[in-house]
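Notes follow once the structure below has been shown.
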Amino acid sequence: MSGEVRLLVDGGVASVTFDRPEARNAMTWAMYEQLRAICEQLRGDASVRVVRFQGAGGEAFVAGTDIAQFLDFQGGEDGVAYERKIDATVSLVASLPMPTVAVVQGWCIGGGLALASACDFRIATPGSKFGVPIARTLGNCLSMANIAGLVSCFGRPRVQRLLLLADLIGAEEALACGYLLELLPAESLEASASKLCSRLASLAPVTQEVSKDALNRLLRHSLPEAEDLIRRCYGSADFKEGVQAFVGKRPPVWSGR
């Protein structure tokens, strides 16, 4: 599988690009590893004042995890291990000490939504779509930390729509509910992203860092354990059917087992 996560640092602004446009920047295991390594590098770089994340190609931020990789899963424990890795990756993004900005153009789905939601600010183009349509596609589930992150960004009613109805939220609604800071035409996106990053870089870094840490501690407070739910979902016949159907480009037939 091709694709990489690229890092460019220029003038105190780090740009992280998910670069697999032929697959709408769907993340491979290698890309997740690259993202984790980049976050670890940035955590220790005091010269970086802002980090921006974007997808290559103009069609997607990140359209989730590459589904073909799930064909190797044998049962619920594989799902638990996967969700732990996703949580660790999202946590690294969320815990970066400097402000972070997700620049969204197009699809922001599944793991992509989790990564964008871990950023401090999000700007997007009008045609962008946000969702976790796993009840319609794969038949898997999210971790408790992932769900808590989405609820903190969207509120429970919208997250119920995302998870139980497999709805997609459009950019206008995402702006209205506060998920997006700004909605911009594609031709203005780069200039606005640069302006936002410059503004963030001009402010007190210690204040920004401790404020982020305080907000993250609130989110982590008394988070329930839910690995039994993950084992049940990833160990189900429906999950195997969802993956095979997706890879085979056919509608899944759910059995409830």
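Residue names in the structure tokens use chain letters A, B, ... in the order shown, residue numbers from 1 in each chain, and ligand numbers from 1 in the order shown.
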Spatial neighbours of Ser198 in chain A, max dist 9 Å, only C-alpha atoms, sep filter under 4 positions, as number ranges by chain: A: 13, 50, 193-194, 202
Non-local contacts of Phe239 in chain A (7 Å; only C-alpha atoms; under 4 positions in same chain excluded) as a PyMOL selection string: chain A and resi 138-140+233-234+243
Shell around range 57-63 of chain A at 6 Å using only C-alpha atoms, local window under 3 positions removed, as a PyMOL selection string: chain A and resi 21+24-26+54+104-109+112
Distance query Ala135 in chain A at most 9 Å, only C-alpha atoms, self and fewer than 3 positions along chain excluded, as a list in words: Val132, Leu138, Gly139, Asn140, Cys141, Leu162, Leu163, Leu164, Leu165 and Ala166 of chain A
Produce a file of the selected residues containing N, CA, C and O atoms, as an mmCIF file, in the first residue's frame.
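Result went into result-v6.cif, see below:
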data_model
loop_
_atom_site.group_PDB
_atom_site.id
_atom_site.type_symbol
_atom_site.label_atom_id
_atom_site.label_comp_id
_atom_site.auth_asym_id
_atom_site.auth_seq_id
_atom_site.Cartn_x
_atom_site.Cartn_y
_atom_site.Cartn_z
ATOM 1 N N VAL A 132 -19.132 8.895 10.991
ATOM 2 C CA VAL A 132 -18.605 7.586 11.371
ATOM 3 C C VAL A 132 -19.649 6.555 10.944
ATOM 4 O O VAL A 132 -20.359 5.998 11.782
ATOM 5 N N LEU A 138 -19.092 -1.175 8.196
ATOM 6 C CA LEU A 138 -18.240 -2.244 8.732
ATOM 7 C C LEU A 138 -18.853 -3.060 9.847
ATOM 8 O O LEU A 138 -18.469 -4.200 10.066
ATOM 9 N N GLY A 139 -19.752 -2.470 10.629
ATOM 10 C CA GLY A 139 -20.283 -3.195 11.773
ATOM 11 C C GLY A 139 -19.292 -3.303 12.917
ATOM 12 O O GLY A 139 -19.375 -4.236 13.719
ATOM 13 N N ASN A 140 -18.367 -2.358 13.020
ATOM 14 C CA ASN A 140 -17.457 -2.343 14.173
ATOM 15 C C ASN A 140 -17.923 -1.274 15.162
ATOM 16 O O ASN A 140 -19.097 -0.904 15.147
ATOM 17 N N CYS A 141 -17.048 -0.783 16.025
ATOM 18 C CA CYS A 141 -17.453 0.199 17.021
ATOM 19 C C CYS A 141 -16.275 1.102 17.351
ATOM 20 O O CYS A 141 -15.157 0.878 16.883
ATOM 21 N N LEU A 162 -24.661 10.080 14.338
ATOM 22 C CA LEU A 162 -23.477 9.579 13.654
ATOM 23 C C LEU A 162 -23.331 8.074 13.817
ATOM 24 O O LEU A 162 -23.019 7.367 12.849
ATOM 25 N N LEU A 163 -23.551 7.572 15.034
ATOM 26 C CA LEU A 163 -23.271 6.167 15.325
ATOM 27 C C LEU A 163 -24.460 5.236 15.092
ATOM 28 O O LEU A 163 -24.277 4.107 14.626
ATOM 29 N N LEU A 164 -25.661 5.677 15.426
ATOM 30 C CA LEU A 164 -26.821 4.784 15.333
ATOM 31 C C LEU A 164 -27.538 4.893 13.992
ATOM 32 O O LEU A 164 -28.094 3.904 13.503
ATOM 33 N N LEU A 165 -27.548 6.083 13.405
ATOM 34 C CA LEU A 165 -28.186 6.279 12.098
ATOM 35 C C LEU A 165 -27.192 6.295 10.948
ATOM 36 O O LEU A 165 -27.594 6.307 9.780
ATOM 37 N N ALA A 166 -25.899 6.296 11.263
ATOM 38 C CA ALA A 166 -24.843 6.395 10.245
ATOM 39 C C ALA A 166 -24.998 7.655 9.401
ATOM 40 O O ALA A 166 -24.692 7.677 8.215
#
All alpha helix (DSSP H) residues (DSSP, backbone) inside range 46-166 of chain A, as an MDAnalysis selection string: chainID A and resid 76:94 111:117 144:154 156:164
In range 154-249 of chain A, DSSP strand (DSSP E) residues written as a PyMOL selection string: chain A and resi 168-170+182-183
